[in-house]
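*Asks:* File name target.pdb; file contents PDB, C-alpha atoms, pLDDT in the B column; full text below.
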MODEL        1
ATOM      1  CA  MET P  19      69.080  99.833  63.105  1.00 90.00           C
ATOM      2  CA  ARG P  20      71.843 100.110  65.724  1.00 96.00           C
ATOM      3  CA  ILE P  21      75.406 100.649  64.447  1.00 97.00           C
ATOM      4  CA  ALA P  22      78.420 100.368  66.754  1.00 98.00           C
ATOM      5  CA  LEU P  23      81.310 102.663  65.834  1.00 97.00           C
ATOM      6  CA  ILE P  24      84.627 101.707  67.438  1.00 96.00           C
ATOM      7  CA  HIS P  25      87.417 104.288  67.381  1.00 94.00           C
ATOM      8  CA  ALA P  26      91.126 104.325  68.175  1.00 90.00           C
ATOM      9  CA  LEU P  27      91.497 108.074  67.557  1.00 85.00           C
ATOM     10  CA  ALA P  28      89.257 110.796  68.947  1.00 88.00           C
ATOM     11  CA  HIS P  29      89.525 112.610  65.610  1.00 85.00           C
ATOM     12  CA  SER P  30      87.635 109.772  63.900  1.00 87.00           C
ATOM     13  CA  VAL P  31      84.448 110.227  65.912  1.00 93.00           C
ATOM     14  CA  ALA P  32      83.054 113.340  64.236  1.00 92.00           C
ATOM     15  CA  PRO P  33      83.620 112.412  60.549  1.00 92.00           C
ATOM     16  CA  ILE P  34      81.686 109.142  60.642  1.00 94.00           C
ATOM     17  CA  ASN P  35      78.925 110.526  62.861  1.00 96.00           C
ATOM     18  CA  GLU P  36      78.506 113.485  60.521  1.00 94.00           C
ATOM     19  CA  GLU P  37      78.409 111.190  57.485  1.00 94.00           C
ATOM     20  CA  LEU P  38      75.795 108.951  59.096  1.00 96.00           C
ATOM     21  CA  ALA P  39      73.729 111.970  60.108  1.00 96.00           C
ATOM     22  CA  ARG P  40      73.747 113.146  56.478  1.00 94.00           C
ATOM     23  CA  ARG P  41      73.364 109.832  54.667  1.00 94.00           C
ATOM     24  CA  TRP P  42      71.514 107.581  57.118  1.00 95.00           C
ATOM     25  CA  PRO P  43      69.872 109.682  59.845  1.00 96.00           C
ATOM     26  CA  GLU P  44      67.544 106.844  60.883  1.00 95.00           C
ATOM     27  CA  ALA P  45      70.461 104.700  62.078  1.00 95.00           C
ATOM     28  CA  VAL P  46      71.025 104.611  65.833  1.00 97.00           C
ATOM     29  CA  ARG P  47      74.698 105.250  66.538  1.00 97.00           C
ATOM     30  CA  MET P  48      76.809 104.177  69.498  1.00 97.00           C
ATOM     31  CA  ASN P  49      80.450 105.220  69.843  1.00 97.00           C
ATOM     32  CA  LEU P  50      83.233 103.362  71.663  1.00 96.00           C
ATOM     33  CA  LEU P  51      86.593 105.134  71.922  1.00 96.00           C
ATOM     34  CA  ASP P  52      89.866 103.630  73.133  1.00 94.00           C
ATOM     35  CA  ASP P  53      92.431 106.250  72.224  1.00 90.00           C
ATOM     36  CA  SER P  54      95.242 104.158  73.708  1.00 93.00           C
ATOM     37  CA  LEU P  55      95.055 101.647  70.844  1.00 91.00           C
ATOM     38  CA  SER P  56      96.933 103.720  68.274  1.00 84.00           C
ATOM     39  CA  ALA P  57      99.365 105.069  70.851  1.00 85.00           C
ATOM     40  CA  ASP P  58     100.148 101.566  72.125  1.00 88.00           C
ATOM     41  CA  LEU P  59     100.602 100.219  68.599  1.00 86.00           C
ATOM     42  CA  ALA P  60     103.001 103.022  67.682  1.00 80.00           C
ATOM     43  CA  ARG P  61     104.938 102.757  70.938  1.00 83.00           C
ATOM     44  CA  SER P  62     105.212  99.022  71.530  1.00 79.00           C
ATOM     45  CA  GLY P  63     106.789  97.811  68.315  1.00 76.00           C
ATOM     46  CA  ALA P  64     104.981  94.500  68.890  1.00 77.00           C
ATOM     47  CA  GLY P  65     102.635  94.977  65.950  1.00 80.00           C
ATOM     48  CA  LEU P  66      99.216  93.339  65.914  1.00 86.00           C
ATOM     49  CA  ASP P  67     100.077  90.733  68.521  1.00 90.00           C
ATOM     50  CA  ASP P  68      97.825  88.439  70.574  1.00 93.00           C
ATOM     51  CA  ALA P  69      97.236  91.109  73.196  1.00 91.00           C
ATOM     52  CA  MET P  70      95.980  93.570  70.576  1.00 93.00           C
ATOM     53  CA  HIS P  71      93.726  90.905  69.059  1.00 95.00           C
ATOM     54  CA  ARG P  72      92.214  90.244  72.492  1.00 96.00           C
ATOM     55  CA  ARG P  73      91.491  93.949  72.947  1.00 95.00           C
ATOM     56  CA  PHE P  74      89.615  94.089  69.649  1.00 96.00           C
ATOM     57  CA  GLU P  75      87.622  90.976  70.497  1.00 97.00           C
ATOM     58  CA  THR P  76      86.646  92.517  73.841  1.00 97.00           C
ATOM     59  CA  LEU P  77      85.446  95.687  72.144  1.00 97.00           C
ATOM     60  CA  SER P  78      83.511  93.708  69.533  1.00 97.00           C
ATOM     61  CA  ALA P  79      81.837  91.501  72.123  1.00 98.00           C
ATOM     62  CA  TYR P  80      80.789  94.515  74.144  1.00 97.00           C
ATOM     63  CA  ALA P  81      79.330  96.242  71.072  1.00 97.00           C
ATOM     64  CA  GLU P  82      77.422  93.121  70.056  1.00 97.00           C
ATOM     65  CA  GLY P  83      76.144  92.726  73.605  1.00 96.00           C
ATOM     66  CA  THR P  84      74.516  96.153  73.480  1.00 96.00           C
ATOM     67  CA  GLY P  85      72.326  95.005  70.584  1.00 96.00           C
ATOM     68  CA  ALA P  86      74.333  96.419  67.692  1.00 97.00           C
ATOM     69  CA  GLN P  87      73.393  94.903  64.338  1.00 96.00           C
ATOM     70  CA  ALA P  88      76.662  95.970  62.705  1.00 97.00           C
ATOM     71  CA  ILE P  89      80.101  97.113  63.805  1.00 97.00           C
ATOM     72  CA  LEU P  90      82.266  99.596  61.965  1.00 97.00           C
ATOM     73  CA  PHE P  91      85.836 100.104  63.111  1.00 95.00           C
ATOM     74  CA  THR P  92      87.283 103.498  62.229  1.00 90.00           C
ATOM     75  CA  CYS P  93      90.927 102.686  63.012  1.00 84.00           C
ATOM     76  CA  SER P  94      92.784 101.854  59.820  1.00 75.00           C
ATOM     77  CA  ALA P  95      95.976 100.218  61.127  1.00 78.00           C
ATOM     78  CA  PHE P  96      94.403  97.147  62.750  1.00 86.00           C
ATOM     79  CA  GLY P  97      93.277  95.036  59.810  1.00 84.00           C
ATOM     80  CA  SER P  98      94.034  91.530  61.078  1.00 88.00           C
ATOM     81  CA  CYS P  99      92.489  92.262  64.486  1.00 92.00           C
ATOM     82  CA  ILE P 100      89.247  93.355  62.828  1.00 93.00           C
ATOM     83  CA  GLU P 101      89.274  90.390  60.440  1.00 93.00           C
ATOM     84  CA  ALA P 102      89.523  88.033  63.422  1.00 96.00           C
ATOM     85  CA  ALA P 103      86.589  89.744  65.160  1.00 97.00           C
ATOM     86  CA  ALA P 104      84.556  89.565  61.950  1.00 96.00           C
ATOM     87  CA  ALA P 105      85.328  85.858  61.479  1.00 97.00           C
ATOM     88  CA  ARG P 106      83.744  85.170  64.880  1.00 97.00           C
ATOM     89  CA  ARG P 107      80.579  87.047  63.813  1.00 97.00           C
ATOM     90  CA  PRO P 108      79.448  85.707  60.430  1.00 96.00           C
ATOM     91  CA  HIS P 109      75.880  86.643  61.395  1.00 95.00           C
ATOM     92  CA  MET P 110      76.524  90.396  61.290  1.00 96.00           C
ATOM     93  CA  PRO P 111      78.555  92.933  59.285  1.00 96.00           C
ATOM     94  CA  VAL P 112      81.862  93.789  60.988  1.00 96.00           C
ATOM     95  CA  LEU P 113      83.663  96.203  58.716  1.00 94.00           C
ATOM     96  CA  LYS P 114      87.211  97.357  58.563  1.00 91.00           C
ATOM     97  CA  PRO P 115      87.313 101.134  58.148  1.00 88.00           C
ATOM     98  CA  ASN P 116      88.804 100.995  54.691  1.00 89.00           C
ATOM     99  CA  GLU P 117      87.278  97.893  53.097  1.00 90.00           C
ATOM    100  CA  ALA P 118      84.451  99.854  51.477  1.00 95.00           C
ATOM    101  CA  MET P 119      86.829 102.532  50.219  1.00 95.00           C
ATOM    102  CA  VAL P 120      89.171  99.880  48.811  1.00 95.00           C
ATOM    103  CA  ALA P 121      86.231  98.426  46.877  1.00 95.00           C
ATOM    104  CA  ASP P 122      85.259 101.879  45.578  1.00 96.00           C
ATOM    105  CA  ALA P 123      88.840 102.688  44.552  1.00 96.00           C
ATOM    106  CA  VAL P 124      89.252  99.399  42.700  1.00 95.00           C
ATOM    107  CA  ALA P 125      85.896  99.888  40.982  1.00 95.00           C
ATOM    108  CA  HIS P 126      87.053 103.323  39.812  1.00 94.00           C
ATOM    109  CA  GLY P 127      90.037 101.756  38.066  1.00 91.00           C
ATOM    110  CA  GLY P 128      93.390 103.206  37.117  1.00 95.00           C
ATOM    111  CA  ARG P 129      96.220 104.153  39.437  1.00 97.00           C
ATOM    112  CA  VAL P 130      95.121 104.635  43.055  1.00 97.00           C
ATOM    113  CA  GLY P 131      96.859 107.204  45.244  1.00 97.00           C
ATOM    114  CA  LEU P 132      96.570 106.335  48.944  1.00 97.00           C
ATOM    115  CA  ILE P 133      97.300 108.974  51.595  1.00 97.00           C
ATOM    116  CA  ALA P 134      97.649 108.236  55.307  1.00 95.00           C
ATOM    117  CA  SER P 135      98.448 110.503  58.234  1.00 92.00           C
ATOM    118  CA  PHE P 136      99.336 107.580  60.556  1.00 86.00           C
ATOM    119  CA  GLY P 137     102.433 105.716  59.398  1.00 86.00           C
ATOM    120  CA  PRO P 138     101.437 102.135  60.367  1.00 82.00           C
ATOM    121  CA  THR P 139      98.414 102.418  58.070  1.00 84.00           C
ATOM    122  CA  LEU P 140     100.735 102.362  55.068  1.00 89.00           C
ATOM    123  CA  VAL P 141     102.009  98.993  56.295  1.00 85.00           C
ATOM    124  CA  SER P 142      98.667  97.367  57.093  1.00 82.00           C
ATOM    125  CA  MET P 143      96.412  98.756  54.373  1.00 86.00           C
ATOM    126  CA  PRO P 144      98.102  98.115  50.986  1.00 91.00           C
ATOM    127  CA  PRO P 145      97.734  94.302  51.295  1.00 90.00           C
ATOM    128  CA  GLU P 146      93.961  94.848  51.509  1.00 89.00           C
ATOM    129  CA  PHE P 147      93.911  95.911  47.854  1.00 94.00           C
ATOM    130  CA  PRO P 148      93.463  93.096  45.324  1.00 94.00           C
ATOM    131  CA  ALA P 149      96.560  91.770  43.620  1.00 93.00           C
ATOM    132  CA  GLY P 150      97.330  93.740  40.506  1.00 92.00           C
ATOM    133  CA  THR P 151      95.977  97.050  41.829  1.00 95.00           C
ATOM    134  CA  GLU P 152      98.262  99.884  40.780  1.00 96.00           C
ATOM    135  CA  LEU P 153      98.761 101.588  44.138  1.00 97.00           C
ATOM    136  CA  VAL P 154     100.981 104.533  45.067  1.00 97.00           C
ATOM    137  CA  THR P 155     101.215 105.606  48.722  1.00 97.00           C
ATOM    138  CA  GLN P 156     102.094 108.840  50.473  1.00 97.00           C
ATOM    139  CA  LEU P 157     102.424 109.693  54.156  1.00 97.00           C
ATOM    140  CA  ALA P 158     101.076 113.127  55.002  1.00 97.00           C
ATOM    141  CA  ASP P 159     103.892 113.522  57.500  1.00 95.00           C
ATOM    142  CA  GLY P 160     102.985 115.800  60.388  1.00 96.00           C
ATOM    143  CA  ALA P 161      99.289 116.015  59.501  1.00 95.00           C
ATOM    144  CA  LEU P 162      98.117 113.961  62.472  1.00 91.00           C
ATOM    145  CA  ASP P 163     100.368 115.929  64.824  1.00 93.00           C
ATOM    146  CA  ALA P 164      98.840 119.137  63.462  1.00 95.00           C
ATOM    147  CA  LEU P 165      95.342 117.820  64.115  1.00 91.00           C
ATOM    148  CA  ASN P 166      96.360 116.812  67.635  1.00 89.00           C
ATOM    149  CA  ARG P 167      97.516 120.405  68.226  1.00 94.00           C
ATOM    150  CA  GLY P 168      94.182 121.731  67.034  1.00 93.00           C
ATOM    151  CA  ASP P 169      95.650 123.004  63.760  1.00 96.00           C
ATOM    152  CA  ALA P 170      93.011 121.654  61.383  1.00 94.00           C
ATOM    153  CA  ALA P 171      94.046 124.015  58.582  1.00 96.00           C
ATOM    154  CA  GLY P 172      97.647 122.855  58.863  1.00 97.00           C
ATOM    155  CA  HIS P 173      96.485 119.251  58.702  1.00 97.00           C
ATOM    156  CA  ASP P 174      94.608 119.938  55.478  1.00 97.00           C
ATOM    157  CA  VAL P 175      97.591 121.703  53.894  1.00 97.00           C
ATOM    158  CA  LEU P 176      99.808 118.668  54.506  1.00 98.00           C
ATOM    159  CA  VAL P 177      97.200 116.274  53.101  1.00 98.00           C
ATOM    160  CA  VAL P 178      96.854 118.471  49.994  1.00 98.00           C
ATOM    161  CA  GLU P 179     100.634 118.473  49.525  1.00 98.00           C
ATOM    162  CA  ALA P 180     100.648 114.654  49.649  1.00 98.00           C
ATOM    163  CA  ALA P 181      97.806 114.556  47.120  1.00 98.00           C
ATOM    164  CA  ARG P 182      99.707 116.816  44.744  1.00 98.00           C
ATOM    165  CA  ARG P 183     102.688 114.458  44.888  1.00 97.00           C
ATOM    166  CA  LEU P 184     100.399 111.569  43.977  1.00 97.00           C
ATOM    167  CA  ALA P 185      98.772 113.522  41.157  1.00 97.00           C
ATOM    168  CA  ASP P 186     102.250 114.236  39.789  1.00 97.00           C
ATOM    169  CA  GLN P 187     102.793 110.450  39.691  1.00 97.00           C
ATOM    170  CA  GLY P 188      99.792 109.952  37.445  1.00 96.00           C
ATOM    171  CA  CYS P 189      97.191 108.790  39.946  1.00 97.00           C
ATOM    172  CA  ASP P 190      93.600 108.640  38.699  1.00 97.00           C
ATOM    173  CA  VAL P 191      91.839 108.645  42.072  1.00 97.00           C
ATOM    174  CA  ILE P 192      92.871 109.740  45.565  1.00 98.00           C
ATOM    175  CA  ALA P 193      91.899 107.701  48.640  1.00 97.00           C
ATOM    176  CA  LEU P 194      92.159 109.247  52.119  1.00 96.00           C
ATOM    177  CA  ALA P 195      92.949 106.384  54.482  1.00 91.00           C
ATOM    178  CA  GLN P 196      92.012 107.864  57.870  1.00 88.00           C
ATOM    179  CA  PHE P 197      88.522 108.848  58.976  1.00 87.00           C
ATOM    180  CA  SER P 198      90.110 111.954  60.458  1.00 88.00           C
ATOM    181  CA  MET P 199      91.283 112.978  56.970  1.00 92.00           C
ATOM    182  CA  ALA P 200      87.771 113.200  55.521  1.00 92.00           C
ATOM    183  CA  ARG P 201      87.652 116.868  56.456  1.00 93.00           C
ATOM    184  CA  ALA P 202      90.282 117.549  53.744  1.00 96.00           C
ATOM    185  CA  GLN P 203      88.272 115.941  50.921  1.00 96.00           C
ATOM    186  CA  MET P 204      87.117 119.138  49.212  1.00 95.00           C
ATOM    187  CA  ALA P 205      90.490 120.858  49.618  1.00 97.00           C
ATOM    188  CA  VAL P 206      92.205 117.896  47.971  1.00 97.00           C
ATOM    189  CA  HIS P 207      89.657 117.774  45.157  1.00 96.00           C
ATOM    190  CA  ARG P 208      90.113 121.484  44.435  1.00 96.00           C
ATOM    191  CA  ALA P 209      93.895 121.107  44.436  1.00 97.00           C
ATOM    192  CA  VAL P 210      94.232 118.087  42.132  1.00 97.00           C
ATOM    193  CA  ASP P 211      90.895 117.915  40.253  1.00 94.00           C
ATOM    194  CA  LEU P 212      90.618 114.145  40.778  1.00 96.00           C
ATOM    195  CA  PRO P 213      87.961 111.988  42.438  1.00 96.00           C
ATOM    196  CA  VAL P 214      88.666 111.856  46.185  1.00 97.00           C
ATOM    197  CA  LEU P 215      87.334 108.937  48.240  1.00 97.00           C
ATOM    198  CA  THR P 216      86.904 109.032  52.007  1.00 95.00           C
ATOM    199  CA  THR P 217      86.511 106.155  54.407  1.00 92.00           C
ATOM    200  CA  PRO P 218      83.315 107.518  56.044  1.00 94.00           C
ATOM    201  CA  GLY P 219      81.556 108.058  52.722  1.00 94.00           C
ATOM    202  CA  SER P 220      82.363 104.607  51.383  1.00 95.00           C
ATOM    203  CA  ALA P 221      81.680 102.874  54.716  1.00 95.00           C
ATOM    204  CA  VAL P 222      78.173 104.296  55.086  1.00 95.00           C
ATOM    205  CA  ARG P 223      77.326 103.235  51.542  1.00 94.00           C
ATOM    206  CA  MET P 224      78.498  99.667  52.241  1.00 95.00           C
ATOM    207  CA  LEU P 225      76.752  99.444  55.615  1.00 95.00           C
ATOM    208  CA  ARG P 226      73.439 100.464  54.099  1.00 94.00           C
ATOM    209  CA  GLN P 227      73.913  97.937  51.320  1.00 94.00           C
ATOM    210  CA  ARG P 228      74.861  95.090  53.688  1.00 93.00           C
ATOM    211  CA  LEU P 229      71.947  95.799  56.018  1.00 93.00           C
ATOM    212  CA  GLY P 230      69.420  96.298  53.245  1.00 87.00           C
ATOM    213  CA  ALA P 231      68.642  99.870  54.300  1.00 67.00           C
TER     214      ALA P 231
ENDMDL
END
Translate the structure of the given file into structure tokens.
*Replies:*
Amino acid sequence: MRIALIHALAHSVAPINEELARRWPEAVRMNLLDDSLSADLARSGAGLDDAMHRRFETLSAYAEGTGAQAILFTCSAFGSCIEAAAARRPHMPVLKPNEAMVADAVAHGGRVGLIASFGPTLVSMPPEFPAGTELVTQLADGALDALNRGDAAGHDVLVVEAARRLADQGCDVIALAQFSMARAQMAVHRAVDLPVLTTPGSAVRMLRQRLGA
């Protein structure tokens, strides 16, 4: 089983590869990284325009052409681009990074606390939750910058602080929106004593289910 992993942040590569190695070691992994995607989205102000959609279609076509039987995007701020690529490929799973985690959070029930370290994610991701979901969001401001500086511990501290704010607002489950945030899962759980969902964990579960593995 060949799985294509398409990344917009270098920090997303390790978390999903580690999760697949633990939970589905038989899967053959290929990684495509375009670290200009997130930077261009943040800088341009054009949003998910036609040019960005074309870039995602190009990446998807390349991945499919290598023989991949499924594609998982790990970049959480590009929902409509991924949906368009998936609509052109009804014959194979093409997953948004957070769709499995959204399903897990909704299945858990109660008030969902969503933390992101990349601001545009808190614009693109909330509409992916079903209507009626009680959702509270928090930006872990500065966490991604800390990770970019190599300060992983500082990143985790900022994510934990955001989780505490959500716990104080009565959240029943915490969802970490970025693949790069998965590293903070245990620290958040220890700090708030709530279930903590990660995008890699939920995505691997869904991929295995969709592919009958």
*Asks:* For Arg183 in chain P, find every residue with an atom within 12 Å (counting all atoms listed in the file), except residues of its own chain fewer than 5 positions away, and show them as a ChimeraX atom specification.
*Replies:* /P:131-133,154-158,176-178,188-189,192,206,209-210
*Asks:* Could you list the residues chosen by the PyMOL selection byres ((chain P and resi 151) around 9) in this structure as a PDB file with C-alpha atoms, in the frame of the given file?
*Replies:*
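Final file, part-v9.pdb:
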ATOM      1  CA  VAL P 124      89.252  99.399  42.700  1.00 95.00           C
ATOM      2  CA  GLY P 127      90.037 101.756  38.066  1.00 91.00           C
ATOM      3  CA  GLY P 128      93.390 103.206  37.117  1.00 95.00           C
ATOM      4  CA  ARG P 129      96.220 104.153  39.437  1.00 97.00           C
ATOM      5  CA  VAL P 130      95.121 104.635  43.055  1.00 97.00           C
ATOM      6  CA  PHE P 147      93.911  95.911  47.854  1.00 94.00           C
ATOM      7  CA  PRO P 148      93.463  93.096  45.324  1.00 94.00           C
ATOM      8  CA  ALA P 149      96.560  91.770  43.620  1.00 93.00           C
ATOM      9  CA  GLY P 150      97.330  93.740  40.506  1.00 92.00           C
ATOM     10  CA  GLU P 152      98.262  99.884  40.780  1.00 96.00           C
ATOM     11  CA  LEU P 153      98.761 101.588  44.138  1.00 97.00           C
TER      12      LEU P 153
END
*Asks:* Determine the nearest neighbour of Asp174 in chain P from the options P:Ala103, P:Leu55, P:Ala95, P:Ala202, counting only C-alpha atoms.
*Replies:*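 Selected residue with least distance to Asp174 in chain P: P:Ala202.
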*Asks:* Counting all atoms listed in the file, figure out which residue out of P:Ser135, P:Ser142, P:Gln196, P:Ser78 gets nearest to Leu66 in chain P.
*Replies:*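 The closest residue to Leu66 in chain P is P:Ser142.
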*Asks:* Go through the shown structure with the PyMOL selection byres ((chain P and resi 100) around 9) and write out the matching residues as a PyMOL selection string.
*Replies:* chain P and resi 71+74-75+78+91+96-99+101-105+112-114
*Asks:* Atoms to include: C-alpha atoms. Write the selected residues as a compact mmCIF listing (two decimals), keeping the file's coordinate frame.
*Replies:*
# COMPACT_ATOMS: atom_id res chain seq x y z
CA HIS P 71 93.73 90.90 69.06
CA PHE P 74 89.62 94.09 69.65
CA GLU P 75 87.62 90.98 70.50
CA SER P 78 83.51 93.71 69.53
CA PHE P 91 85.84 100.10 63.11
CA PHE P 96 94.40 97.15 62.75
CA GLY P 97 93.28 95.04 59.81
CA SER P 98 94.03 91.53 61.08
CA CYS P 99 92.49 92.26 64.49
CA GLU P 101 89.27 90.39 60.44
CA ALA P 102 89.52 88.03 63.42
CA ALA P 103 86.59 89.74 65.16
CA ALA P 104 84.56 89.56 61.95
CA ALA P 105 85.33 85.86 61.48
CA VAL P 112 81.86 93.79 60.99
CA LEU P 113 83.66 96.20 58.72
CA LYS P 114 87.21 97.36 58.56
*Asks:* Hey, could you patch up range 127-145 of chain P with N, CA, C and O atoms and hand it over as a tab-separated table (two decimals), in the frame of the given file?
*Replies:*
chain	number	residue	atom	x	y	z
P	127	GLY	N	89.03	102.15	39.05
P	127	GLY	CA	90.04	101.76	38.07
P	127	GLY	C	91.18	102.74	37.99
P	127	GLY	O	91.15	103.83	38.55
P	128	GLY	N	92.22	102.35	37.28
P	128	GLY	CA	93.39	103.21	37.12
P	128	GLY	C	94.33	103.14	38.31
P	128	GLY	O	94.25	102.23	39.16
P	129	ARG	N	95.22	104.10	38.37
P	129	ARG	CA	96.22	104.15	39.44
P	129	ARG	C	95.62	104.83	40.67
P	129	ARG	O	95.09	105.94	40.58
P	130	VAL	N	95.71	104.15	41.81
P	130	VAL	CA	95.12	104.64	43.06
P	130	VAL	C	96.20	105.29	43.91
P	130	VAL	O	97.24	104.67	44.18
P	131	GLY	N	95.96	106.51	44.33
P	131	GLY	CA	96.86	107.20	45.24
P	131	GLY	C	96.29	107.14	46.65
P	131	GLY	O	95.19	107.62	46.91
P	132	LEU	N	97.03	106.53	47.57
P	132	LEU	CA	96.57	106.34	48.94
P	132	LEU	C	97.36	107.23	49.88
P	132	LEU	O	98.59	107.16	49.93
P	133	ILE	N	96.65	108.07	50.64
P	133	ILE	CA	97.30	108.97	51.60
P	133	ILE	C	96.92	108.56	53.01
P	133	ILE	O	95.74	108.34	53.30
P	134	ALA	N	97.90	108.48	53.89
P	134	ALA	CA	97.65	108.24	55.31
P	134	ALA	C	98.36	109.30	56.13
P	134	ALA	O	99.40	109.83	55.72
P	135	SER	N	97.80	109.58	57.30
P	135	SER	CA	98.45	110.50	58.23
P	135	SER	C	99.04	109.75	59.42
P	135	SER	O	99.70	110.36	60.26
P	136	PHE	N	98.81	108.44	59.49
P	136	PHE	CA	99.34	107.58	60.56
P	136	PHE	C	100.18	106.51	59.89
P	136	PHE	O	99.67	105.66	59.14
P	137	GLY	N	101.48	106.54	60.13
P	137	GLY	CA	102.43	105.72	59.40
P	137	GLY	C	102.10	104.24	59.32
P	137	GLY	O	102.18	103.64	58.23
P	138	PRO	N	101.72	103.57	60.44
P	138	PRO	CA	101.44	102.14	60.37
P	138	PRO	C	100.34	101.76	59.38
P	138	PRO	O	100.29	100.61	58.91
P	139	THR	N	99.47	102.70	59.04
P	139	THR	CA	98.41	102.42	58.07
P	139	THR	C	99.00	102.05	56.71
P	139	THR	O	98.44	101.22	55.99
P	140	LEU	N	100.13	102.64	56.36
P	140	LEU	CA	100.74	102.36	55.07
P	140	LEU	C	101.47	101.02	55.05
P	140	LEU	O	101.98	100.60	54.01
P	141	VAL	N	101.52	100.37	56.22
P	141	VAL	CA	102.01	98.99	56.30
P	141	VAL	C	100.84	98.02	56.22
P	141	VAL	O	100.86	97.03	55.47
P	142	SER	N	99.78	98.32	56.96
P	142	SER	CA	98.67	97.37	57.09
P	142	SER	C	97.67	97.44	55.94
P	142	SER	O	97.03	96.42	55.61
P	143	MET	N	97.52	98.60	55.32
P	143	MET	CA	96.41	98.76	54.37
P	143	MET	C	96.71	98.30	52.94
P	143	MET	O	95.82	97.71	52.30
P	144	PRO	N	97.89	98.54	52.38
P	144	PRO	CA	98.10	98.12	50.99
P	144	PRO	C	97.78	96.65	50.70
P	144	PRO	O	97.22	96.35	49.63
P	145	PRO	N	98.09	95.69	51.61
P	145	PRO	CA	97.73	94.30	51.30
P	145	PRO	C	96.23	94.05	51.18
P	145	PRO	O	95.83	92.99	50.70
